[in-house]
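Shown next: final36.cif, given as mmCIF, C-alpha atoms and all ligand atoms.
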data_data
loop_
_atom_site.label_atom_id
_atom_site.label_comp_id
_atom_site.auth_asym_id
_atom_site.auth_seq_id
_atom_site.Cartn_x
_atom_site.Cartn_y
_atom_site.Cartn_z
CA MET D 30 50.57 -0.62 21.18
CA THR D 31 52.20 -1.61 17.88
CA THR D 32 50.84 -1.54 14.35
CA ALA D 33 51.54 -3.54 11.22
CA ASN D 34 50.26 -3.65 7.67
CA PRO D 35 47.10 -5.79 7.71
CA GLN D 36 47.65 -6.86 4.10
CA THR D 37 51.01 -8.48 4.66
CA ALA D 38 51.53 -9.38 8.31
CA ALA D 39 50.99 -12.95 9.49
CA PRO D 40 48.76 -12.34 12.47
CA ASP D 41 49.33 -14.06 15.79
CA PRO D 42 46.03 -13.22 17.49
CA ILE D 43 47.13 -14.02 21.06
CA ARG D 44 50.67 -14.06 22.45
CA PHE D 45 52.07 -14.15 25.98
CA VAL D 46 55.46 -12.51 26.28
CA GLY D 47 57.83 -13.50 29.07
CA GLU D 48 57.23 -15.51 32.22
CA THR D 49 54.91 -14.91 35.19
CA ASP D 50 55.88 -11.22 35.21
CA GLY D 51 55.21 -10.98 31.45
CA HIS D 52 52.27 -9.59 29.52
CA LEU D 53 49.59 -10.56 27.03
CA VAL D 54 49.61 -9.21 23.48
CA LEU D 55 46.36 -9.26 21.51
CA ILE D 56 45.34 -8.14 18.05
CA ASP D 57 42.73 -5.41 18.55
CA GLN D 58 40.07 -6.97 16.35
CA THR D 59 37.89 -3.85 16.47
CA GLN D 60 40.46 -2.12 14.22
CA LEU D 61 40.46 -4.76 11.47
CA PRO D 62 40.47 -4.89 8.51
CA VAL D 63 41.95 -1.39 8.23
CA ASP D 64 44.65 -1.50 10.89
CA LEU D 65 46.49 -4.43 12.42
CA ILE D 66 47.11 -3.10 15.92
CA TYR D 67 48.49 -5.11 18.81
CA ILE D 68 47.55 -4.15 22.35
CA ASP D 69 49.70 -4.95 25.36
CA CYS D 70 47.72 -6.14 28.38
CA ARG D 71 49.77 -5.55 31.52
CA ASP D 72 46.87 -5.64 34.00
CA VAL D 73 43.69 -7.64 34.33
CA GLU D 74 41.50 -4.58 33.73
CA THR D 75 42.94 -4.25 30.21
CA VAL D 76 42.22 -7.93 29.54
CA TRP D 77 38.64 -7.55 30.85
CA GLU D 78 38.07 -4.49 28.68
CA ALA D 79 39.52 -6.27 25.62
CA ILE D 80 37.08 -9.16 26.08
CA LYS D 81 34.09 -6.91 26.85
CA MET D 82 34.70 -4.62 23.86
CA LEU D 83 35.41 -7.55 21.47
CA ARG D 84 39.04 -6.56 20.89
CA VAL D 85 39.55 -10.27 21.45
CA ARG D 86 36.46 -12.30 20.63
CA GLY D 87 35.32 -15.74 19.53
CA ALA D 88 34.70 -18.42 22.13
CA PRO D 89 38.11 -20.20 22.24
CA ALA D 90 40.07 -16.94 22.03
CA ILE D 91 38.11 -15.47 24.93
CA GLY D 92 39.01 -18.53 27.05
CA ILE D 93 42.70 -18.31 26.16
CA ALA D 94 42.86 -14.56 26.81
CA ALA D 95 41.10 -14.96 30.15
CA ALA D 96 43.54 -17.69 31.23
CA TYR D 97 46.49 -15.37 30.56
CA GLY D 98 44.47 -12.57 32.15
CA VAL D 99 44.51 -14.49 35.42
CA VAL D 100 48.31 -14.78 35.24
CA VAL D 101 48.59 -11.02 34.67
CA GLY D 102 46.04 -10.28 37.39
CA MET D 103 48.03 -12.26 39.96
CA GLN D 104 51.16 -10.15 39.44
CA THR D 105 50.03 -7.64 42.08
CA ALA D 106 49.84 -10.37 44.74
CA THR D 107 53.13 -12.25 44.38
CA GLU D 108 54.63 -10.71 47.55
CA LYS D 109 51.58 -11.67 49.60
CA SER D 110 50.82 -14.63 51.88
CA LEU D 111 49.29 -17.73 50.33
CA GLU D 112 45.96 -16.79 51.91
CA ASP D 113 45.98 -13.31 50.37
CA PHE D 114 47.26 -14.68 47.06
CA GLU D 115 44.32 -17.09 47.00
CA ALA D 116 41.84 -14.33 47.85
CA ARG D 117 43.21 -12.27 44.96
CA PHE D 118 42.98 -15.31 42.67
CA HIS D 119 39.27 -15.72 43.32
CA GLU D 120 38.73 -11.98 42.89
CA VAL D 121 40.50 -12.03 39.49
CA VAL D 122 38.61 -15.13 38.31
CA GLU D 123 35.23 -13.66 39.30
CA TYR D 124 36.09 -10.38 37.63
CA LEU D 125 37.03 -12.00 34.32
CA ALA D 126 33.97 -14.29 34.47
CA GLY D 127 31.82 -11.14 34.43
CA SER D 128 33.19 -9.90 31.10
CA ARG D 129 30.87 -11.82 28.73
CA PRO D 130 28.21 -14.44 29.57
CA THR D 131 27.56 -16.66 26.54
CA ALA D 132 30.81 -18.33 25.42
CA VAL D 133 31.27 -21.21 27.85
CA ASN D 134 34.96 -21.48 26.89
CA LEU D 135 35.56 -18.48 29.19
CA PHE D 136 34.21 -20.36 32.21
CA TRP D 137 35.81 -23.62 31.07
CA ALA D 138 39.25 -21.96 30.99
CA LEU D 139 38.74 -20.26 34.35
CA ASP D 140 37.61 -23.58 35.86
CA ARG D 141 40.81 -25.21 34.62
CA LEU D 142 42.86 -22.54 36.33
CA LYS D 143 40.83 -23.00 39.51
CA ALA D 144 41.60 -26.74 39.41
CA THR D 145 45.29 -25.97 38.85
CA PHE D 146 45.34 -23.62 41.83
CA ALA D 147 43.59 -26.16 44.06
CA ALA D 148 45.97 -28.99 43.06
CA GLU D 149 49.09 -26.85 43.62
CA LYS D 150 47.84 -25.65 46.98
CA GLU D 151 47.01 -29.20 47.99
CA ALA D 152 50.57 -30.20 47.06
CA GLY D 153 51.91 -27.52 49.42
CA LYS D 154 53.37 -25.30 46.68
CA SER D 155 54.53 -21.72 47.22
CA VAL D 156 52.89 -18.59 45.82
CA SER D 157 55.60 -18.39 43.17
CA ASP D 158 55.15 -22.05 42.17
CA ILE D 159 51.39 -21.63 41.95
CA HIS D 160 51.80 -18.57 39.74
CA SER D 161 54.11 -20.54 37.44
CA ALA D 162 51.62 -23.41 37.33
CA LEU D 163 48.84 -21.00 36.32
CA LEU D 164 50.99 -19.71 33.45
CA ALA D 165 51.82 -23.28 32.40
CA GLU D 166 48.11 -24.14 32.35
CA ALA D 167 47.27 -21.03 30.30
CA ARG D 168 50.02 -21.95 27.85
CA PHE D 169 48.68 -25.51 27.66
CA ILE D 170 45.15 -24.28 26.90
CA HIS D 171 46.59 -22.03 24.19
CA GLU D 172 48.77 -24.68 22.58
CA ASP D 173 46.09 -27.35 22.83
CA ASP D 174 43.64 -25.12 20.95
CA ARG D 175 46.00 -25.13 17.95
CA GLN D 176 45.86 -28.93 17.76
CA VAL D 177 42.10 -28.93 18.33
CA CYS D 178 41.51 -26.51 15.44
CA ARG D 179 43.62 -28.63 13.09
CA ALA D 180 41.65 -31.76 14.02
CA ILE D 181 38.32 -29.96 13.49
CA GLY D 182 39.59 -28.91 10.07
CA ARG D 183 40.50 -32.48 9.14
CA HIS D 184 37.18 -33.99 10.28
CA GLY D 185 35.13 -31.23 8.69
CA ALA D 186 36.92 -31.43 5.34
CA GLU D 187 35.65 -35.00 4.92
CA LEU D 188 32.11 -33.60 4.65
CA ILE D 189 33.00 -31.24 1.82
CA GLU D 190 33.07 -32.25 -1.83
CA PRO D 191 35.17 -30.58 -4.53
CA GLY D 192 33.65 -27.38 -5.84
CA PHE D 193 31.32 -26.85 -2.87
CA GLY D 194 29.98 -23.40 -2.08
CA ILE D 195 30.08 -22.96 1.71
CA LEU D 196 28.29 -20.21 3.59
CA THR D 197 29.49 -19.02 7.00
CA HIS D 198 28.27 -16.47 9.53
CA CYS D 199 30.32 -14.33 11.92
CA ASN D 200 34.01 -15.20 12.39
CA ALA D 201 35.05 -18.64 13.57
CA GLY D 202 38.54 -18.32 12.14
CA GLY D 203 42.11 -17.91 13.25
CA LEU D 204 41.28 -14.66 15.02
CA ALA D 205 38.70 -16.42 17.18
CA THR D 206 41.04 -19.21 18.25
CA ALA D 207 44.73 -19.95 18.77
CA ASP D 208 45.50 -20.02 15.06
CA TYR D 209 43.30 -21.92 12.57
CA GLY D 210 39.70 -21.48 13.61
CA THR D 211 36.80 -23.92 13.82
CA ALA D 212 34.38 -23.31 10.92
CA LEU D 213 37.15 -21.65 8.93
CA ALA D 214 39.55 -24.48 9.79
CA VAL D 215 37.34 -26.68 7.61
CA MET D 216 37.62 -24.20 4.75
CA PHE D 217 41.37 -23.72 5.23
CA THR D 218 41.84 -27.50 5.17
CA CYS D 219 39.68 -27.90 2.04
CA HIS D 220 41.69 -25.15 0.36
CA ASP D 221 44.96 -26.88 1.33
CA GLN D 222 43.48 -30.01 -0.27
CA ASP D 223 42.77 -28.09 -3.50
CA LYS D 224 39.06 -28.83 -3.29
CA GLY D 225 38.16 -25.68 -5.19
CA ILE D 226 35.67 -24.42 -2.61
CA HIS D 227 34.05 -21.01 -2.67
CA VAL D 228 33.07 -19.33 0.59
CA TYR D 229 30.04 -17.05 1.00
CA VAL D 230 30.58 -14.71 3.93
CA ASP D 231 27.61 -13.16 5.75
CA GLU D 232 28.65 -9.67 6.80
CA THR D 233 27.09 -10.34 10.24
CA ARG D 234 25.23 -7.34 11.59
CA PRO D 235 25.59 -5.39 13.79
CA LEU D 236 29.36 -5.57 14.38
CA LEU D 237 30.35 -7.06 11.02
CA GLN D 238 32.62 -9.87 12.19
CA GLY D 239 31.94 -11.54 8.82
CA SER D 240 32.97 -8.65 6.58
CA ARG D 241 35.68 -7.22 8.84
CA LEU D 242 37.30 -10.45 10.05
CA THR D 243 36.23 -13.54 8.08
CA ALA D 244 36.55 -11.82 4.71
CA TRP D 245 39.95 -10.49 5.82
CA GLU D 246 41.19 -13.94 6.80
CA LEU D 247 39.98 -15.48 3.53
CA VAL D 248 41.50 -12.72 1.41
CA GLN D 249 44.80 -13.09 3.28
CA ARG D 250 44.86 -16.81 2.46
CA GLU D 251 43.69 -16.21 -1.11
CA ILE D 252 40.67 -18.46 -0.68
CA PRO D 253 37.90 -17.64 -3.19
CA ALA D 254 35.22 -15.82 -1.23
CA THR D 255 32.22 -13.60 -1.80
CA LEU D 256 30.89 -11.20 0.80
CA ILE D 257 27.12 -10.86 1.09
CA CYS D 258 24.85 -8.82 3.33
CA ASP D 259 23.01 -10.98 5.85
CA ASN D 260 19.68 -10.46 4.09
CA MET D 261 21.06 -11.94 0.83
CA ALA D 262 21.60 -15.46 2.16
CA ALA D 263 18.17 -16.77 1.08
CA GLN D 264 18.63 -15.52 -2.47
CA VAL D 265 22.17 -16.93 -2.71
CA MET D 266 20.88 -20.30 -1.50
CA LYS D 267 17.96 -20.21 -3.92
CA GLU D 268 20.40 -19.60 -6.78
CA GLY D 269 22.05 -22.92 -5.87
CA ARG D 270 25.38 -21.43 -4.88
CA VAL D 271 25.53 -22.96 -1.39
CA ASN D 272 26.11 -26.68 -0.78
CA ALA D 273 26.81 -26.49 2.95
CA VAL D 274 26.67 -23.99 5.81
CA ILE D 275 29.29 -24.12 8.56
CA THR D 276 29.43 -21.80 11.57
CA GLY D 277 31.09 -21.84 14.96
CA ALA D 278 29.37 -21.94 18.36
CA ASP D 279 29.69 -20.24 21.73
CA ARG D 280 27.89 -22.83 23.85
CA ILE D 281 26.34 -26.19 22.98
CA ALA D 282 23.79 -27.80 25.30
CA ALA D 283 23.62 -31.53 26.05
CA ASN D 284 20.99 -32.09 23.34
CA GLY D 285 23.08 -30.27 20.70
CA ASP D 286 21.18 -26.95 20.71
CA SER D 287 23.90 -24.45 19.79
CA ALA D 288 24.30 -20.75 20.60
CA ASN D 289 26.22 -18.71 18.07
CA LYS D 290 26.29 -15.14 16.75
CA ILE D 291 22.87 -13.56 16.29
CA GLY D 292 21.53 -14.49 12.88
CA THR D 293 22.85 -18.06 12.89
CA TYR D 294 19.41 -19.47 13.72
CA GLY D 295 17.93 -17.68 10.71
CA VAL D 296 20.67 -19.06 8.46
CA ALA D 297 19.94 -22.58 9.76
CA LEU D 298 16.23 -22.16 8.97
CA LEU D 299 17.09 -20.95 5.47
CA ALA D 300 19.42 -23.91 4.96
CA LYS D 301 16.65 -26.29 6.01
CA ALA D 302 14.20 -24.63 3.59
CA HIS D 303 16.68 -25.11 0.74
CA GLY D 304 17.75 -28.67 1.64
CA ILE D 305 21.30 -27.57 2.49
CA PRO D 306 23.15 -29.27 5.38
CA PHE D 307 23.91 -26.90 8.27
CA TYR D 308 26.96 -27.77 10.38
CA ILE D 309 28.41 -26.38 13.59
CA ALA D 310 32.20 -26.63 14.07
CA ALA D 311 33.32 -26.34 17.69
CA PRO D 312 35.76 -27.80 20.20
CA ILE D 313 34.65 -30.02 23.08
CA SER D 314 35.35 -27.07 25.39
CA THR D 315 32.29 -25.34 23.87
CA PHE D 316 29.89 -28.02 25.16
CA ASP D 317 28.00 -27.30 28.37
CA LEU D 318 26.53 -30.61 29.45
CA THR D 319 25.06 -29.03 32.60
CA LEU D 320 22.36 -27.56 30.35
CA PRO D 321 19.92 -30.14 28.97
CA THR D 322 18.74 -27.83 26.19
CA GLY D 323 19.59 -24.44 24.67
CA GLU D 324 16.81 -22.83 26.75
CA GLY D 325 19.27 -22.37 29.60
CA ILE D 326 22.04 -20.68 27.58
CA PRO D 327 22.55 -17.09 28.80
CA ILE D 328 22.28 -14.70 25.88
CA GLU D 329 24.42 -11.58 26.08
CA GLN D 330 22.54 -8.32 25.59
CA ARG D 331 24.72 -5.56 24.18
CA ASP D 332 24.58 -1.80 24.12
CA ALA D 333 22.12 -0.02 21.81
CA VAL D 334 24.95 2.17 20.56
CA GLU D 335 26.23 -0.77 18.48
CA ILE D 336 23.07 -0.52 16.37
CA ILE D 337 22.30 3.19 16.54
CA HIS D 338 25.90 4.20 15.96
CA GLY D 339 27.19 1.11 14.15
CA MET D 340 30.80 1.53 13.03
CA GLY D 341 30.85 5.13 14.26
CA LYS D 342 28.08 6.50 12.04
CA GLN D 343 24.61 7.29 13.31
CA THR D 344 22.10 5.18 11.38
CA ALA D 345 19.01 5.48 13.63
CA PRO D 346 17.38 8.10 15.83
CA ALA D 347 19.47 8.44 18.98
CA ASN D 348 16.53 7.74 21.32
CA VAL D 349 14.93 4.82 19.46
CA HIS D 350 14.31 1.68 21.52
CA VAL D 351 16.77 -1.06 20.52
CA TYR D 352 16.91 -4.81 21.18
CA ASN D 353 20.45 -6.14 20.73
CA PRO D 354 20.92 -9.81 21.66
CA ALA D 355 24.43 -10.87 20.61
CA PHE D 356 23.59 -14.55 20.12
CA ASP D 357 20.75 -16.89 19.23
CA VAL D 358 20.24 -20.61 19.68
CA THR D 359 19.89 -23.00 16.76
CA PRO D 360 17.87 -26.07 17.75
CA ALA D 361 19.59 -29.42 17.32
CA GLU D 362 17.03 -30.62 14.78
CA LEU D 363 18.30 -28.03 12.30
CA ILE D 364 21.94 -29.16 12.67
CA ALA D 365 23.15 -31.92 10.32
CA GLY D 366 26.32 -32.43 12.33
CA ILE D 367 28.62 -30.90 14.94
CA ILE D 368 32.24 -31.08 13.84
CA THR D 369 34.55 -31.51 16.85
CA GLU D 370 38.20 -32.47 17.31
CA LYS D 371 36.98 -35.95 18.24
CA GLY D 372 34.90 -36.43 15.10
CA VAL D 373 31.52 -35.42 13.72
CA ILE D 374 28.41 -35.78 15.88
CA SER D 375 25.66 -36.82 13.48
CA PRO D 376 22.77 -37.16 13.88
CA VAL D 377 22.75 -34.59 16.66
CA THR D 378 21.08 -36.41 19.55
CA PRO D 379 21.72 -36.22 23.32
CA GLU D 380 23.14 -39.77 23.17
CA ASN D 381 25.59 -38.99 20.38
CA VAL D 382 26.65 -35.72 22.05
CA ALA D 383 27.30 -37.54 25.34
CA GLN D 384 29.23 -40.31 23.60
CA VAL D 385 31.56 -38.05 21.61
CA VAL D 386 32.19 -35.61 24.45
CA ALA D 387 33.09 -38.50 26.79
CA SER D 388 35.29 -40.32 24.22
O1 LIG D 401 30.51 -11.78 19.65
P1 LIG D 401 31.61 -12.63 19.09
O2 LIG D 401 32.30 -12.02 17.93
O3 LIG D 401 32.56 -13.10 20.17
O4 LIG D 401 30.85 -13.93 18.56
C1 LIG D 401 31.65 -14.97 18.07
C2 LIG D 401 30.89 -16.09 17.46
O5 LIG D 401 29.68 -16.12 17.48
C3 LIG D 401 31.70 -17.22 16.90
O6 LIG D 401 31.04 -17.83 15.85
C4 LIG D 401 31.95 -18.28 18.00
O7 LIG D 401 32.47 -17.69 19.16
C5 LIG D 401 32.88 -19.36 17.54
S1 LIG D 401 34.54 -18.80 17.35
C6 LIG D 401 35.46 -20.17 16.90
#

Re-express the file's structure as structure tokens.
Ligand code: MRU
Amino acid sequence: MTTANPQTAAPDPIRFVGETDGHLVLIDQTQLPVDLIYIDCRDVETVWEAIKMLRVRGAPAIGIAAAYGVVVGMQTATEKSLEDFEARFHEVVEYLAGSRPTAVNLFWALDRLKATFAAEKEAGKSVSDIHSALLAEARFIHEDDRQVCRAIGRHGAELIEPGFGILTHCNAGGLATADYGTALAVMFTCHDQDKGIHVYVDETRPLLQGSRLTAWELVQREIPATLICDNMAAQVMKEGRVNAVITGADRIAANGDSANKIGTYGVALLAKAHGIPFYIAAPISTFDLTLPTGEGIPIEQRDAVEIIHGMGKQTAPANVHVYNPAFDVTPAELIAGIITEKGVISPVTPENVAQVVAS
């Protein structure tokens, strides 16, 4: 574990050090914005725990971390027969798939590694070659995400006019991806273009990804931003401060229904009531075309302690009944457009989703 000054360090949220016998280094996002702490993941259990406990979080980042987690998890089987190596591979993949259910990028990344394994085995490769190919695939997923984020930023910035106030919920920034974010990529790009935007940041109860992470990223980049409590969004919109809402997504169904951090659906309803366009920014890897609508998206239920003992302080009776869904689904009809690396899907219809995803 290493620490750095969170005010000055340029964070690299995910890093893989070395070759197939190397290790994964993650920023422990639960410690931000106070401490910038890096955790070394030298076994798959540490990667699983980091995903489960939101030390690494955000749909694309979870997928990247899991891909490297497979590489780390296979290190205990490199002296084994191909058959035993393969058995371990499936065990590791299943284990990581059980860490969090909603972000489809996790399963997308694991499926890519499964395809890599199958192709290498088919080609008659050795255990060592297969392990190297898994690392190469994880590195490709990681590097590709950087390009994807930049493209999302470029497409999204075209929707934003100079001087816009933009509201966002949760953290869909550099910490949630390889380096530039999805929703925040749009804001970073607009800022680079001197568009004079102002970002309103929902604090995002119960785990405060907005205030702890999004506000931190915006402050680091010196982008004008104002933090608000979640229950202030309606008032801020009514005052005319918000011209667009942009959030990320964890899973998007074939009709465009989009799961994102709990509270996003409410923000979309508020945007509709105030005539403000609501956009989702997400990579193609966040689409799950096996689900016709958002009804089928599994919603993660999290521990009551996150609400009763939020941020380490007891704020409710210890034995009160708690409901703690981590995500909600915003119906496609509330979404003005989905900003992807391949362009903006608008209007959000099953036909337009299918066309852009396949392009
Ligand atoms: O529970 P989290 O913090 O993983 O939830 C993250 C979000 O809801 C993000 O908005 C989403 O994953 C997109 S990240 C580019």

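With distances taken over all atoms listed in the file, D:Gly285 is the one residue among D:Gly285, D:Gly366, D:Gly292, D:Pro354 lying closest to D:Pro321.
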
Could you please extract the residues within 9 Å of ligand LIG 401 (chain D), counting only C-alpha atoms and all ligand atoms, and hand them back as a PyMOL selection string? chain D and resi 80+83+85-91+129+131-132+134+178+198-206+210-213+236-238+276-280+288-291+293+310-312+315+329+355-356

Quick one: residues within 9 Å of D:Phe146, only C-alpha atoms, excluding same-chain residues fewer than 2 positions away - as a tab-separated table (two decimals) with C-alpha atoms, in the frame of the given file?
chain	number	residue	atom	x	y	z
D	115	GLU	CA	44.32	-17.09	47.00
D	118	PHE	CA	42.98	-15.31	42.67
D	141	ARG	CA	40.81	-25.21	34.62
D	142	LEU	CA	42.86	-22.54	36.33
D	143	LYS	CA	40.83	-23.00	39.51
D	144	ALA	CA	41.60	-26.74	39.41
D	148	ALA	CA	45.97	-28.99	43.06
D	149	GLU	CA	49.09	-26.85	43.62
D	150	LYS	CA	47.84	-25.65	46.98
D	151	GLU	CA	47.01	-29.20	47.99
D	159	ILE	CA	51.39	-21.63	41.95
D	160	HIS	CA	51.80	-18.57	39.74
D	162	ALA	CA	51.62	-23.41	37.33
D	163	LEU	CA	48.84	-21.00	36.32

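The shell of residues at most 9 Å from D:Tyr97, with all atoms listed in the file counted and near chain neighbours (fewer than 4 positions) removed, consists of Phe45, His52, Leu53, Val76, Gly92, Ile93, Val101, Gly102, Leu163, Leu164, Ala167 and Arg168 of chain D.
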
I'd like the contact shell of D:Lys81 - 12 Å cut-off, all atoms listed in the file, skipping same-chain residues fewer than 6 positions apart - returned as a ChimeraX atom specification. /D:59,74-75,87,91,94-95,124-132,135,329-332

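Taking atom CA of D:Leu298 as the reference point, atom CA of D:Thr359 is found at 8.6 Å.
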
Neighbour list for D:Pro360 as a PyMOL selection string, cut-off 9 Å, all atoms listed in the file, skip fewer than 6 positions in-chain: chain D and resi 284-288+294+297+322-323

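Proximity to D:Ile275 was assessed for D:Gly153, D:Pro253, D:Pro327, D:Gly194 counting all atoms listed in the file; the smallest distance is recorded for D:Gly194.
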
What is the atom CA of D:Glu251-atom CA of D:Gly372 distance in Å, reported with one decimal? 27.4 Å

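With only C-alpha atoms as the atoms that count, the minimum distance from D:Val177 to the choices D:Asp208, D:Asp357, D:Asp41, D:Glu78 is reached by D:Asp208.
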
Add whatever atoms are absent from stretch 277-297 of chain D to reach N, CA, C and O atoms, and provide the output as an mmCIF file, in the coordinates of the input.
data_model
loop_
_atom_site.group_PDB
_atom_site.id
_atom_site.type_symbol
_atom_site.label_atom_id
_atom_site.label_comp_id
_atom_site.auth_asym_id
_atom_site.auth_seq_id
_atom_site.Cartn_x
_atom_site.Cartn_y
_atom_site.Cartn_z
ATOM 1 N N GLY D 277 30.557 -21.452 13.666
ATOM 2 C CA GLY D 277 31.090 -21.840 14.960
ATOM 3 C C GLY D 277 29.974 -21.892 15.991
ATOM 4 O O GLY D 277 28.785 -21.871 15.639
ATOM 5 N N ALA D 278 30.353 -21.971 17.263
ATOM 6 C CA ALA D 278 29.370 -21.940 18.360
ATOM 7 C C ALA D 278 30.038 -21.354 19.597
ATOM 8 O O ALA D 278 31.266 -21.410 19.740
ATOM 9 N N ASP D 279 29.199 -20.799 20.456
ATOM 10 C CA ASP D 279 29.690 -20.240 21.730
ATOM 11 C C ASP D 279 29.343 -21.121 22.916
ATOM 12 O O ASP D 279 30.003 -21.065 23.960
ATOM 13 N N ARG D 280 28.259 -21.883 22.788
ATOM 14 C CA ARG D 280 27.890 -22.830 23.850
ATOM 15 C C ARG D 280 26.918 -23.838 23.255
ATOM 16 O O ARG D 280 25.964 -23.462 22.576
ATOM 17 N N ILE D 281 27.185 -25.117 23.523
ATOM 18 C CA ILE D 281 26.340 -26.190 22.980
ATOM 19 C C ILE D 281 25.775 -26.985 24.153
ATOM 20 O O ILE D 281 26.525 -27.498 24.988
ATOM 21 N N ALA D 282 24.447 -27.065 24.211
ATOM 22 C CA ALA D 282 23.790 -27.800 25.300
ATOM 23 C C ALA D 282 23.885 -29.310 25.071
ATOM 24 O O ALA D 282 24.279 -29.760 23.992
ATOM 25 N N ALA D 283 23.479 -30.068 26.093
ATOM 26 C CA ALA D 283 23.620 -31.530 26.050
ATOM 27 C C ALA D 283 22.830 -32.167 24.908
ATOM 28 O O ALA D 283 23.176 -33.258 24.450
ATOM 29 N N ASN D 284 21.769 -31.515 24.457
ATOM 30 C CA ASN D 284 20.990 -32.090 23.340
ATOM 31 C C ASN D 284 21.470 -31.600 21.978
ATOM 32 O O ASN D 284 20.888 -31.919 20.955
ATOM 33 N N GLY D 285 22.527 -30.759 21.974
ATOM 34 C CA GLY D 285 23.080 -30.270 20.700
ATOM 35 C C GLY D 285 22.590 -28.890 20.295
ATOM 36 O O GLY D 285 23.103 -28.307 19.334
ATOM 37 N N ASP D 286 21.591 -28.335 21.003
ATOM 38 C CA ASP D 286 21.180 -26.950 20.710
ATOM 39 C C ASP D 286 22.421 -26.064 20.822
ATOM 40 O O ASP D 286 23.174 -26.177 21.807
ATOM 41 N N SER D 287 22.620 -25.176 19.850
ATOM 42 C CA SER D 287 23.900 -24.450 19.790
ATOM 43 C C SER D 287 23.704 -22.940 19.709
ATOM 44 O O SER D 287 23.035 -22.436 18.793
ATOM 45 N N ALA D 288 24.316 -22.224 20.650
ATOM 46 C CA ALA D 288 24.300 -20.750 20.600
ATOM 47 C C ALA D 288 25.452 -20.278 19.732
ATOM 48 O O ALA D 288 26.577 -20.774 19.856
ATOM 49 N N ASN D 289 25.161 -19.353 18.866
ATOM 50 C CA ASN D 289 26.220 -18.710 18.070
ATOM 51 C C ASN D 289 25.747 -17.293 17.755
ATOM 52 O O ASN D 289 24.651 -16.870 18.147
ATOM 53 N N LYS D 290 26.575 -16.549 17.078
ATOM 54 C CA LYS D 290 26.290 -15.140 16.750
ATOM 55 C C LYS D 290 24.857 -14.940 16.256
ATOM 56 O O LYS D 290 24.364 -15.744 15.461
ATOM 57 N N ILE D 291 24.245 -13.879 16.695
ATOM 58 C CA ILE D 291 22.870 -13.560 16.290
ATOM 59 C C ILE D 291 22.761 -13.627 14.754
ATOM 60 O O ILE D 291 23.629 -13.102 14.040
ATOM 61 N N GLY D 292 21.720 -14.311 14.319
ATOM 62 C CA GLY D 292 21.530 -14.490 12.880
ATOM 63 C C GLY D 292 21.804 -15.923 12.440
ATOM 64 O O GLY D 292 21.340 -16.350 11.388
ATOM 65 N N THR D 293 22.521 -16.677 13.273
ATOM 66 C CA THR D 293 22.850 -18.060 12.890
ATOM 67 C C THR D 293 21.581 -18.910 12.789
ATOM 68 O O THR D 293 21.436 -19.724 11.865
ATOM 69 N N TYR D 294 20.669 -18.710 13.734
ATOM 70 C CA TYR D 294 19.410 -19.470 13.720
ATOM 71 C C TYR D 294 18.651 -19.236 12.406
ATOM 72 O O TYR D 294 18.156 -20.180 11.774
ATOM 73 N N GLY D 295 18.600 -17.989 11.978
ATOM 74 C CA GLY D 295 17.930 -17.680 10.710
ATOM 75 C C GLY D 295 18.605 -18.372 9.538
ATOM 76 O O GLY D 295 17.934 -18.900 8.645
ATOM 77 N N VAL D 296 19.924 -18.394 9.548
ATOM 78 C CA VAL D 296 20.670 -19.060 8.460
ATOM 79 C C VAL D 296 20.340 -20.566 8.464
ATOM 80 O O VAL D 296 20.154 -21.177 7.407
ATOM 81 N N ALA D 297 20.239 -21.140 9.661
ATOM 82 C CA ALA D 297 19.940 -22.580 9.760
ATOM 83 C C ALA D 297 18.543 -22.875 9.211
ATOM 84 O O ALA D 297 18.325 -23.884 8.529
#
